$ cat structure.cif   # mmCIF, C-alpha atoms and all ligand atoms
data_query
loop_
_atom_site.label_atom_id
_atom_site.label_comp_id
_atom_site.auth_asym_id
_atom_site.auth_seq_id
_atom_site.Cartn_x
_atom_site.Cartn_y
_atom_site.Cartn_z
CA MET T 20 -85.09 -12.71 5.72
CA ARG T 21 -86.23 -14.37 2.50
CA PRO T 22 -85.23 -18.04 2.06
CA LEU T 23 -82.39 -18.65 -0.36
CA GLU T 24 -84.61 -20.31 -2.98
CA ASP T 25 -86.55 -17.04 -3.32
CA ARG T 26 -83.36 -15.09 -3.96
CA LEU T 27 -81.75 -17.29 -6.58
CA ALA T 28 -81.80 -16.41 -10.26
CA ARG T 29 -83.82 -18.80 -12.42
CA ARG T 30 -80.65 -20.35 -13.88
CA ALA T 31 -79.46 -21.32 -10.40
CA THR T 32 -82.65 -22.83 -9.00
CA GLY T 33 -83.02 -26.58 -8.70
CA LYS T 34 -79.36 -27.14 -9.54
CA GLU T 35 -78.37 -30.71 -8.66
CA PRO T 36 -74.95 -31.64 -7.31
CA SER T 37 -72.69 -33.64 -9.62
CA PRO T 38 -73.85 -37.23 -8.98
CA ILE T 39 -70.26 -38.49 -9.21
CA ARG T 40 -68.62 -35.78 -7.08
CA GLU T 41 -71.18 -36.39 -4.34
CA LEU T 42 -69.98 -40.00 -4.01
CA VAL T 43 -66.49 -38.89 -2.97
CA GLY T 44 -67.35 -39.20 0.75
CA TYR T 45 -67.65 -42.99 0.38
CA LEU T 46 -64.01 -43.19 -0.61
CA LYS T 47 -63.02 -42.46 2.98
CA ILE T 48 -64.61 -45.71 4.21
CA ASP T 49 -62.00 -48.25 5.24
CA GLY T 50 -61.65 -51.16 2.85
CA MET T 51 -63.71 -49.54 0.07
CA ILE T 52 -62.82 -50.80 -3.40
CA SER T 53 -63.90 -48.01 -5.71
CA LEU T 54 -64.64 -48.92 -9.27
CA GLY T 55 -66.55 -45.70 -9.50
CA GLY T 56 -64.24 -42.73 -9.98
CA GLY T 57 -62.84 -41.50 -13.25
CA TYR T 58 -59.60 -40.25 -11.71
CA PRO T 59 -56.34 -40.84 -13.56
CA ASN T 60 -54.03 -43.23 -11.76
CA PRO T 61 -51.34 -41.39 -9.74
CA ASP T 62 -48.73 -43.80 -11.10
CA THR T 63 -49.13 -41.96 -14.39
CA PHE T 64 -48.42 -38.46 -12.96
CA VAL T 65 -45.24 -36.76 -14.14
CA PHE T 66 -44.00 -34.98 -11.01
CA ASP T 67 -41.58 -36.68 -8.68
CA ARG T 68 -40.67 -33.85 -6.37
CA LEU T 69 -41.03 -30.09 -6.32
CA ASP T 70 -38.43 -28.05 -4.42
CA ILE T 71 -39.67 -24.61 -3.46
CA GLY T 72 -37.58 -21.69 -2.28
CA PHE T 73 -39.06 -18.54 -0.80
CA LYS T 74 -37.52 -15.09 -0.60
CA GLY T 75 -35.82 -14.81 2.78
CA GLY T 76 -34.26 -18.24 2.39
CA ALA T 77 -36.98 -20.63 3.60
CA THR T 78 -37.27 -23.79 1.56
CA THR T 79 -39.72 -26.65 1.44
CA CYS T 80 -40.73 -29.36 -0.95
CA LEU T 81 -43.83 -30.98 -2.26
CA ASP T 82 -43.44 -34.72 -2.53
CA GLY T 83 -45.00 -38.08 -1.64
CA SER T 84 -48.72 -38.16 -0.90
CA ASP T 85 -48.87 -34.31 -0.80
CA LEU T 86 -47.58 -34.19 -4.36
CA VAL T 87 -50.00 -36.89 -5.49
CA ALA T 88 -52.90 -34.98 -3.90
CA ALA T 89 -51.68 -31.77 -5.57
CA SER T 90 -51.61 -33.50 -8.95
CA GLN T 91 -54.98 -35.24 -8.58
CA TYR T 92 -58.57 -34.02 -8.81
CA GLY T 93 -59.75 -32.75 -5.42
CA PRO T 94 -62.80 -31.49 -3.55
CA SER T 95 -64.77 -28.66 -5.18
CA ASN T 96 -64.73 -26.46 -2.09
CA ALA T 97 -61.07 -26.53 -0.99
CA HIS T 98 -57.81 -28.47 -0.59
CA PRO T 99 -58.40 -29.91 2.90
CA GLY T 100 -55.05 -28.83 4.33
CA LEU T 101 -55.36 -25.33 2.88
CA ALA T 102 -58.93 -25.06 4.18
CA ASN T 103 -57.61 -25.56 7.73
CA GLU T 104 -54.91 -22.95 7.18
CA ILE T 105 -57.37 -20.43 5.75
CA ILE T 106 -59.84 -20.97 8.58
CA ALA T 107 -57.10 -20.23 11.13
CA TRP T 108 -55.81 -17.25 9.09
CA HIS T 109 -59.32 -15.79 8.72
CA LYS T 110 -59.97 -16.15 12.46
CA ALA T 111 -56.64 -14.49 13.29
CA LYS T 112 -57.04 -11.57 10.89
CA ASP T 113 -60.81 -10.92 11.10
CA GLY T 114 -61.89 -12.58 14.35
CA VAL T 115 -64.46 -14.60 12.40
CA ASP T 116 -64.89 -18.32 13.02
CA MET T 117 -65.64 -20.34 9.93
CA ASP T 118 -66.94 -23.83 9.53
CA PRO T 119 -65.45 -25.62 6.48
CA SER T 120 -68.94 -25.47 4.92
CA GLU T 121 -68.67 -21.65 5.00
CA LEU T 122 -65.56 -21.52 2.81
CA VAL T 123 -64.89 -22.02 -0.91
CA VAL T 124 -61.45 -21.50 -2.46
CA LEU T 125 -61.73 -19.61 -5.74
CA ASN T 126 -59.72 -18.93 -8.89
CA GLY T 127 -59.02 -15.47 -7.54
CA SER T 128 -61.71 -13.33 -5.97
CA GLN T 129 -62.74 -12.44 -9.53
CA GLU T 130 -64.46 -15.82 -9.74
CA GLY T 131 -66.65 -14.81 -6.80
CA LEU T 132 -67.54 -11.56 -8.57
CA PHE T 133 -68.86 -13.67 -11.44
CA MET T 134 -70.62 -16.21 -9.24
CA MET T 135 -72.73 -13.75 -7.27
CA PRO T 136 -74.71 -12.33 -10.21
CA TYR T 137 -74.75 -15.80 -11.82
CA LEU T 138 -76.48 -17.11 -8.71
CA PHE T 139 -78.71 -14.19 -7.88
CA CYS T 140 -79.40 -11.97 -10.88
CA ASP T 141 -81.87 -12.50 -13.68
CA ALA T 142 -81.76 -9.88 -16.42
CA ASP T 143 -84.43 -7.79 -14.66
CA ASP T 144 -82.57 -7.79 -11.33
CA SER T 145 -80.25 -5.02 -10.24
CA ILE T 146 -77.09 -4.65 -8.16
CA ALA T 147 -76.38 -1.75 -5.78
CA LEU T 148 -72.88 -0.29 -5.88
CA SER T 149 -70.89 2.89 -5.66
CA GLU T 150 -69.26 4.67 -8.58
CA PRO T 151 -66.47 4.70 -9.59
CA ALA T 152 -66.42 0.90 -9.45
CA TYR T 153 -63.84 -1.81 -10.14
CA PRO T 154 -64.14 -2.58 -13.89
CA GLY T 155 -63.61 -6.32 -13.33
CA ALA T 156 -66.72 -6.35 -11.13
CA LEU T 157 -68.70 -4.31 -13.66
CA SER T 158 -67.67 -6.69 -16.42
CA ALA T 159 -68.69 -9.76 -14.36
CA PHE T 160 -71.98 -8.17 -13.28
CA LYS T 161 -72.86 -7.02 -16.80
CA SER T 162 -72.70 -10.63 -17.98
CA PHE T 163 -76.01 -11.06 -16.13
CA THR T 164 -77.69 -7.69 -15.72
CA ARG T 165 -77.33 -4.14 -17.06
CA SER T 166 -79.29 -2.69 -14.19
CA PHE T 167 -77.42 -0.92 -11.38
CA VAL T 168 -78.44 1.22 -8.44
CA ALA T 169 -75.36 3.41 -8.36
CA VAL T 170 -74.47 5.92 -5.65
CA PRO T 171 -71.40 8.16 -5.30
CA LEU T 172 -68.19 7.28 -3.53
CA ASP T 173 -66.59 9.90 -1.29
CA ALA T 174 -63.73 10.08 1.21
CA ASP T 175 -65.62 7.65 3.52
CA GLY T 176 -66.42 5.16 0.78
CA MET T 177 -69.83 4.31 -0.60
CA ASP T 178 -72.39 7.01 0.23
CA THR T 179 -74.77 4.81 2.21
CA SER T 180 -77.22 7.65 2.90
CA ALA T 181 -77.66 8.12 -0.84
CA LEU T 182 -78.12 4.36 -1.16
CA GLU T 183 -80.76 4.28 1.55
CA ALA T 184 -82.64 7.18 -0.05
CA LYS T 185 -82.62 5.45 -3.45
CA LEU T 186 -83.77 2.12 -2.04
CA ASP T 187 -86.49 3.76 0.07
CA ALA T 188 -87.79 5.50 -3.05
CA MET T 189 -87.71 2.27 -5.04
CA ALA T 190 -89.56 0.42 -2.26
CA SER T 191 -92.22 3.17 -2.05
CA ALA T 192 -92.70 3.02 -5.81
CA GLY T 193 -93.13 -0.77 -5.58
CA GLU T 194 -90.02 -1.36 -7.71
CA LYS T 195 -87.94 -4.50 -7.50
CA LEU T 196 -85.01 -3.96 -5.10
CA PRO T 197 -81.40 -4.94 -5.88
CA LYS T 198 -80.34 -8.49 -5.11
CA PHE T 199 -77.13 -7.44 -3.41
CA ALA T 200 -74.96 -4.44 -2.58
CA TYR T 201 -71.35 -4.60 -3.79
CA THR T 202 -68.62 -2.83 -1.85
CA VAL T 203 -64.81 -2.69 -1.74
CA PRO T 204 -64.21 -1.56 1.84
CA SER T 205 -60.42 -1.05 1.90
CA GLY T 206 -58.07 0.66 -0.55
CA HIS T 207 -60.92 0.97 -3.01
CA ASN T 208 -60.10 0.29 -6.64
CA PRO T 209 -60.12 2.88 -8.17
CA GLY T 210 -61.22 5.35 -5.45
CA GLY T 211 -58.35 4.72 -2.99
CA VAL T 212 -60.72 5.22 -0.04
CA ALA T 213 -61.98 3.10 2.85
CA LEU T 214 -65.58 2.50 3.89
CA SER T 215 -65.93 4.04 7.37
CA GLN T 216 -67.06 1.87 10.28
CA LYS T 217 -70.19 3.99 10.58
CA ARG T 218 -71.07 3.32 6.97
CA LYS T 219 -70.29 -0.40 7.27
CA LYS T 220 -72.88 -0.57 10.06
CA HIS T 221 -75.26 1.55 8.05
CA LEU T 222 -74.87 -0.70 5.01
CA LEU T 223 -75.83 -3.71 7.15
CA GLN T 224 -78.86 -1.81 8.49
CA ILE T 225 -79.92 -0.96 4.95
CA ALA T 226 -79.41 -4.58 3.89
CA ALA T 227 -81.66 -5.70 6.75
CA LYS T 228 -84.28 -3.05 5.98
CA HIS T 229 -84.49 -3.96 2.29
CA ASP T 230 -83.51 -7.62 2.59
CA LEU T 231 -80.37 -7.43 0.42
CA LEU T 232 -77.24 -9.52 0.51
CA VAL T 233 -73.90 -7.72 0.80
CA LEU T 234 -70.86 -8.64 -1.32
CA GLU T 235 -67.73 -7.50 0.55
CA ASP T 236 -64.82 -7.60 -1.93
CA ASP T 237 -61.67 -6.92 0.07
CA PRO T 238 -58.45 -7.76 -1.80
CA TYR T 239 -56.56 -4.74 -0.39
CA GLN T 240 -57.49 -5.34 3.26
CA LEU T 241 -53.91 -6.16 4.26
CA VAL T 242 -52.14 -3.80 1.86
CA ARG T 243 -52.04 -1.16 4.59
CA LEU T 244 -49.81 1.82 4.05
CA ASP T 245 -49.74 3.67 7.36
CA GLY T 246 -49.03 0.83 9.77
CA THR T 247 -52.55 0.99 11.19
CA PRO T 248 -54.42 -2.31 11.60
CA PRO T 249 -57.33 -3.14 9.29
CA THR T 250 -60.72 -2.08 10.61
CA PRO T 251 -63.38 -4.72 11.42
CA THR T 252 -64.83 -6.33 8.32
CA ILE T 253 -68.50 -6.05 7.39
CA GLN T 254 -68.71 -9.82 7.70
CA SER T 255 -67.48 -9.63 11.30
CA MET T 256 -70.38 -7.27 12.12
CA ASP T 257 -73.04 -9.32 10.32
CA ARG T 258 -75.47 -11.02 12.69
CA GLU T 259 -77.96 -12.15 10.05
CA GLY T 260 -75.91 -14.09 7.51
CA ARG T 261 -76.23 -11.51 4.73
CA VAL T 262 -72.58 -11.05 3.85
CA VAL T 263 -70.56 -12.94 1.28
CA ARG T 264 -66.94 -11.95 1.67
CA LEU T 265 -64.19 -12.30 -0.93
CA ASP T 266 -60.56 -12.49 0.17
CA SER T 267 -57.72 -12.61 -2.31
CA PHE T 268 -54.12 -13.79 -2.16
CA SER T 269 -53.33 -11.81 -5.32
CA LYS T 270 -52.10 -8.66 -3.60
CA ILE T 271 -50.33 -10.40 -0.71
CA PHE T 272 -48.89 -13.53 -2.35
CA ALA T 273 -48.97 -13.78 -6.18
CA PRO T 274 -51.77 -12.91 -8.59
CA GLY T 275 -50.74 -15.31 -11.33
CA LEU T 276 -51.57 -18.25 -9.09
CA ARG T 277 -55.22 -17.17 -9.25
CA ILE T 278 -56.23 -17.90 -5.70
CA GLY T 279 -58.67 -16.30 -3.31
CA TYR T 280 -61.60 -17.47 -1.25
CA ALA T 281 -65.23 -16.79 -0.55
CA SER T 282 -66.72 -17.09 2.91
CA GLY T 283 -70.28 -16.69 4.04
CA PRO T 284 -73.48 -18.51 4.94
CA ALA T 285 -73.16 -22.27 4.31
CA GLU T 286 -76.22 -22.38 2.07
CA ILE T 287 -74.72 -19.73 -0.23
CA MET T 288 -71.30 -21.39 -0.18
CA ARG T 289 -73.09 -24.60 -1.19
CA GLN T 290 -74.32 -22.74 -4.27
CA PHE T 291 -70.74 -21.60 -4.94
CA VAL T 292 -69.66 -25.26 -4.83
CA LEU T 293 -72.41 -26.26 -7.27
CA PHE T 294 -71.24 -23.49 -9.59
CA LYS T 295 -67.67 -24.79 -9.46
CA GLN T 296 -68.84 -28.33 -10.10
CA SER T 297 -70.33 -27.18 -13.36
CA SER T 298 -67.66 -24.64 -14.35
CA ASN T 299 -64.16 -25.75 -13.37
CA LEU T 300 -64.61 -28.63 -10.83
CA HIS T 301 -62.30 -26.92 -8.34
CA THR T 302 -59.51 -24.40 -8.00
CA SER T 303 -56.19 -25.99 -9.01
CA MET T 304 -55.08 -28.45 -6.31
CA PHE T 305 -51.48 -27.74 -7.28
CA ILE T 306 -51.82 -24.04 -6.59
CA GLN T 307 -53.71 -24.68 -3.38
CA ALA T 308 -50.98 -27.11 -2.29
CA LEU T 309 -48.32 -24.44 -3.02
CA LEU T 310 -50.12 -21.86 -0.95
CA HIS T 311 -50.63 -24.46 1.77
CA LYS T 312 -46.86 -25.10 1.80
CA PHE T 313 -46.12 -21.40 2.00
CA MET T 314 -48.59 -20.84 4.83
CA THR T 315 -47.35 -23.79 6.87
CA THR T 316 -43.69 -22.90 6.22
CA ALA T 317 -44.00 -19.17 6.93
CA GLY T 318 -46.62 -19.40 9.69
CA HIS T 319 -48.83 -16.42 10.43
CA GLU T 320 -45.89 -14.41 11.67
CA GLY T 321 -43.79 -15.07 8.57
CA PHE T 322 -46.70 -14.31 6.26
CA ARG T 323 -47.42 -11.07 8.10
CA GLU T 324 -43.75 -10.07 7.92
CA GLN T 325 -43.77 -10.62 4.17
CA ILE T 326 -46.96 -8.56 3.82
CA SER T 327 -45.50 -5.83 5.99
CA LEU T 328 -42.38 -5.61 3.79
CA ASN T 329 -44.61 -5.26 0.74
CA CYS T 330 -46.65 -2.57 2.48
CA SER T 331 -43.48 -0.54 3.15
CA PHE T 332 -42.65 -0.83 -0.54
CA TYR T 333 -46.08 0.43 -1.56
CA ARG T 334 -46.01 3.14 1.11
CA ALA T 335 -42.89 4.70 -0.44
CA ASN T 336 -44.62 4.64 -3.84
CA ARG T 337 -47.84 6.12 -2.46
CA ASP T 338 -45.86 8.89 -0.76
CA ALA T 339 -43.99 9.63 -3.99
CA MET T 340 -47.28 9.95 -5.86
CA ILE T 341 -48.93 12.19 -3.28
CA ASP T 342 -45.83 14.41 -2.91
CA ALA T 343 -45.66 14.78 -6.70
CA ALA T 344 -49.40 15.46 -6.93
CA ARG T 345 -48.94 18.31 -4.43
CA GLU T 346 -45.99 19.65 -6.39
CA PHE T 347 -47.15 19.28 -9.99
CA LEU T 348 -50.97 19.28 -10.09
CA PRO T 349 -53.05 22.46 -9.95
CA PRO T 350 -55.22 22.96 -6.84
CA GLU T 351 -58.46 22.41 -8.76
CA VAL T 352 -57.57 18.70 -9.13
CA SER T 353 -58.88 16.77 -6.12
CA TYR T 354 -57.96 13.36 -4.74
CA ASN T 355 -57.92 11.36 -1.50
CA VAL T 356 -54.76 9.99 0.09
CA PRO T 357 -55.20 6.21 0.25
CA ASP T 358 -54.38 4.39 3.49
CA ALA T 359 -54.47 1.02 1.71
CA GLY T 360 -54.29 -0.46 -1.78
CA MET T 361 -52.60 0.78 -4.93
CA PHE T 362 -54.67 3.58 -6.42
CA VAL T 363 -55.29 7.31 -6.43
CA TRP T 364 -58.43 8.68 -8.09
CA PHE T 365 -58.00 12.14 -9.57
CA VAL T 366 -61.08 14.31 -10.14
CA LEU T 367 -60.31 17.01 -12.72
CA PRO T 368 -62.32 20.18 -13.25
CA ASP T 369 -65.75 19.95 -14.94
CA GLY T 370 -65.43 20.04 -18.71
CA PHE T 371 -62.13 18.13 -18.71
CA ASP T 372 -62.32 15.03 -20.88
CA ALA T 373 -59.96 12.32 -19.59
CA LYS T 374 -60.31 10.17 -22.69
CA ARG T 375 -59.44 13.11 -24.94
CA MET T 376 -56.41 13.85 -22.74
CA ILE T 377 -55.15 10.29 -23.26
CA ASP T 378 -55.99 10.28 -26.99
CA GLU T 379 -54.27 13.62 -27.59
CA ASP T 380 -51.31 13.60 -25.24
CA CYS T 381 -50.48 10.17 -23.85
CA GLU T 382 -48.17 9.22 -26.72
CA ASP T 383 -46.44 12.54 -26.85
CA LEU T 384 -45.97 13.00 -23.11
CA LYS T 385 -45.42 9.30 -22.47
CA VAL T 386 -47.61 9.04 -19.41
CA LEU T 387 -50.63 6.78 -19.05
CA LEU T 388 -53.54 6.84 -16.61
CA VAL T 389 -56.94 5.18 -16.98
CA PRO T 390 -59.81 7.51 -17.96
CA GLY T 391 -62.77 7.50 -15.56
CA ASN T 392 -65.40 6.12 -17.93
CA ALA T 393 -63.90 2.62 -17.44
CA PHE T 394 -65.18 2.74 -13.86
CA SER T 395 -68.71 3.93 -14.55
CA THR T 396 -71.87 1.89 -15.18
CA THR T 397 -72.97 4.49 -17.72
CA GLY T 398 -69.73 5.70 -19.34
CA GLY T 399 -69.74 8.77 -17.10
CA LEU T 400 -66.98 10.05 -14.77
CA THR T 401 -65.39 11.49 -17.90
CA ASN T 402 -63.41 14.11 -15.95
CA CYS T 403 -61.68 11.54 -13.72
CA MET T 404 -58.56 9.38 -13.98
CA ARG T 405 -57.10 6.49 -12.03
CA ALA T 406 -53.39 6.33 -11.29
CA SER T 407 -51.66 3.31 -9.83
CA TYR T 408 -48.42 3.54 -7.86
CA SER T 409 -47.73 -0.19 -7.65
CA MET T 410 -45.48 -0.82 -10.65
CA VAL T 411 -43.24 2.24 -11.00
CA SER T 412 -40.28 3.35 -8.86
CA PRO T 413 -40.68 6.51 -6.73
CA ASP T 414 -38.53 8.40 -9.26
CA GLY T 415 -40.65 7.12 -12.13
CA ILE T 416 -43.80 8.09 -10.27
CA ARG T 417 -42.48 11.62 -9.74
CA GLU T 418 -41.63 12.01 -13.41
CA GLY T 419 -44.96 10.48 -14.45
CA MET T 420 -46.88 12.89 -12.25
CA LYS T 421 -44.90 15.82 -13.65
CA ARG T 422 -45.99 14.73 -17.14
CA PHE T 423 -49.58 14.28 -15.88
CA GLY T 424 -49.36 17.90 -14.70
CA GLU T 425 -48.43 18.94 -18.23
CA MET T 426 -51.28 16.83 -19.64
CA ILE T 427 -53.65 18.73 -17.37
CA ARG T 428 -52.19 22.08 -18.46
CA ARG T 429 -52.80 21.20 -22.12
CA GLU T 430 -56.40 20.13 -21.43
CA LYS T 431 -56.95 23.38 -19.57
CA GLU T 432 -55.90 25.23 -22.71
CA ARG T 433 -58.34 23.18 -24.77
CA THR T 434 -61.26 23.88 -22.44
CA LYS T 435 -60.68 27.66 -22.34
C1 LIG V 501 -61.48 -4.57 -6.14
C2 LIG V 501 -60.96 -5.81 -6.78
N1 LIG V 501 -61.65 -6.95 -6.63
C3 LIG V 501 -61.23 -8.09 -7.17
C4 LIG V 501 -60.07 -8.15 -7.91
C5 LIG V 501 -59.67 -9.46 -8.53
O1 LIG V 501 -58.65 -10.04 -7.76
P1 LIG V 501 -58.19 -11.53 -7.94
O2 LIG V 501 -56.83 -11.50 -8.51
O3 LIG V 501 -58.23 -12.12 -6.55
O4 LIG V 501 -59.16 -12.24 -8.84
C6 LIG V 501 -59.30 -6.99 -8.10
C7 LIG V 501 -58.07 -7.02 -8.91
O5 LIG V 501 -57.49 -6.04 -9.25
C8 LIG V 501 -59.77 -5.79 -7.50
O6 LIG V 501 -59.09 -4.65 -7.64
#
$ encode --input "structure.cif" --output "structure tokens"
Amino acid sequence: MRPLEDRLARRATGKEPSPIRELVGYLKIDGMISLGGGYPNPDTFVFDRLDIGFKGGATTCLDGSDLVAASQYGPSNAHPGLANEIIAWHKAKDGVDMDPSELVVLNGSQEGLFMMPYLFCDADDSIALSEPAYPGALSAFKSFTRSFVAVPLDADGMDTSALEAKLDAMASAGEKLPKFAYTVPSGHNPGGVALSQKRKKHLLQIAAKHDLLVLEDDPYQLVRLDGTPPTPTIQSMDREGRVVRLDSFSKIFAPGLRIGYASGPAEIMRQFVLFKQSSNLHTSMFIQALLHKFMTTAGHEGFREQISLNCSFYRANRDAMIDAAREFLPPEVSYNVPDAGMFVWFVLPDGFDAKRMIDEDCEDLKVLLVPGNAFSTTGGLTNCMRASYSMVSPDGIREGMKRFGEMIRREKERTK
């Protein structure tokens, strides 16, 4: 395995830690009089006490030294109390032990999607991924490179055999191989599929063979719709330290708080910390303190109960969408039934133009889906559409799918 320095993009090499932030450790020494820090004095902070009520009736409050810590600058990697909670949560859900140096709390997992190409990709580097792909990832990646090694996505997730064949061919031709492979292993956005265990293993084998890192982006891991437990994560199967994993609290807690975390090899997480030192210092301590309060108040059992309630909610919506798809869509439209997440990916017959369907009929029929080109590295996938069942009631979903059926009928007329 190549050393980290040989993997980094030029912009990320030789990055020095913030000279001031690195002094923070000295503050813990008993009797230290610090004339060094530039922190505002807590006596000037505005909050006195924050009462928090959770659905289900539990209440807690943020006050005293916890409130001061929440209002003050904090460590770049994580709120210390939340770090402990996350380490225990991660171990319980994934069976993976983490040292604090292997964890960085992020402004949502999206921040990690930006950091990876920032750290590893010069303009002539590429990223391996499957298509369709999450547009937020494409947008982050394209800030650093326009070069992708894209393979199809099918009912078992990323087609790893196609990936291996492409990488083998690139290696034989002496071409530069991708810096990392990006995958969304559960409830894929937009594909609605899961990466099979066989393919997870295969992806790790390919990563070892071609010395790639793997970016496992898993925000829908716990949004499970059929009551089955999540399958082992790629990180849990990694014996070489190749996997950077992104977890998100957006889909299981609240997305507006912007909180998620990265975990992975300490030397890569160190680079994540250096990035944060130069971009936003740290994820909001206030938000981390809120999540910390929720996790300590609810406990793992309470948190899981809340997630399970939400999963039942999404299950009813998923079922409404699939039932309506069976009833209203013609048989030549194909899709997979998601077992996690919030999306169904519809593949329409060749020659159908999803963007034209929206341009021509969305306003009239009053139904909106996202045309497939948003999920392609090249503007392809023009005969596909993503539907989400998260925000509409089952009745609304049924009506929306009926209208989508009519939209398809009209496009069929146009393509005759
Ligand atoms: C696959 C995928 N990754 C990452 C994100 C970003 O999530 P977060 O809110 O944690 O930044 C999303 C959000 O929709 C997503 O679908």
$ closest_residue --input "structure.cif" --among "T:Gln224, T:Asn355, T:Gln129, T:Ser191" --to "ligand LIG 501 (chain V)" --atoms "all atoms listed in the file"
T:Gln129
$ closest_atom_pairs --input "structure.cif" --of "range 39-129 of chain T" --to "range 309-320 of chain T" --cutoff "12 Å" --atoms "all atoms listed in the file" --output "CSV"
residue,atom,partner,partner_atom,distance
T:Leu69,CA,T:Leu309,CA,9.8
T:Asp70,CA,T:Leu309,CA,10.6
T:Ile71,CA,T:Leu309,CA,8.7
T:Gly72,CA,T:Phe313,CA,9.6
T:Phe73,CA,T:Phe313,CA,8.1
T:Lys74,CA,T:Ala317,CA,10.7
T:Gly75,CA,T:Ala317,CA,10.2
T:Gly76,CA,T:Ala317,CA,10.8
T:Ala77,CA,T:Thr316,CA,7.6
T:Thr78,CA,T:Thr316,CA,8.0
T:Thr79,CA,T:Thr316,CA,7.3
T:Cys80,CA,T:Lys312,CA,8.0
T:Leu81,CA,T:Lys312,CA,7.8
T:Asp82,CA,T:Lys312,CA,11.1
T:Asp85,CA,T:Lys312,CA,9.8
T:Leu86,CA,T:Leu309,CA,9.9
T:Ala88,CA,T:Leu309,CA,11.5
T:Ala89,CA,T:Leu309,CA,8.5
T:Ser90,CA,T:Leu309,CA,11.3
T:Ala97,CA,T:His311,CA,11.0
T:His98,CA,T:His311,CA,8.6
T:Pro99,CA,T:His311,CA,9.6
T:Gly100,CA,T:His311,CA,6.7
T:Leu101,CA,T:His311,CA,4.9
T:Ala102,CA,T:His311,CA,8.7
T:Asn103,CA,T:His311,CA,9.2
T:Glu104,CA,T:His311,CA,7.1
T:Ile105,CA,T:His311,CA,8.8
T:Ile106,CA,T:Met314,CA,11.9
T:Ala107,CA,T:His319,CA,9.1
T:Trp108,CA,T:His319,CA,7.2
T:His109,CA,T:His319,CA,10.6
T:Lys110,CA,T:His319,CA,11.3
T:Ala111,CA,T:His319,CA,8.5
T:Lys112,CA,T:His319,CA,9.5
T:Val124,CA,T:Leu310,CA,11.4
$ residues_around --input "structure.cif" --residues "range 32-41 of chain T" --least-positions-apart "3" --cutoff "12 Å" --atoms "only C-alpha atoms" --output "number ranges by chain"
T: 23-29, 44-46, 53-58, 92-96, 137-141, 289-298, 300-301
$ residues_around --input "structure.cif" --residues "range 226-241 of chain T" --least-positions-apart "4" --cutoff "6 Å" --atoms "all atoms listed in the file" --output "ChimeraX atom specification"
/T:198-203,205-206,261-267,360
$ closest_residue --input "structure.cif" --among "T:Leu186, T:Val170, T:Met420, T:Leu157" --to "ligand LIG 501 (chain V)" --atoms "all atoms listed in the file"
T:Leu157
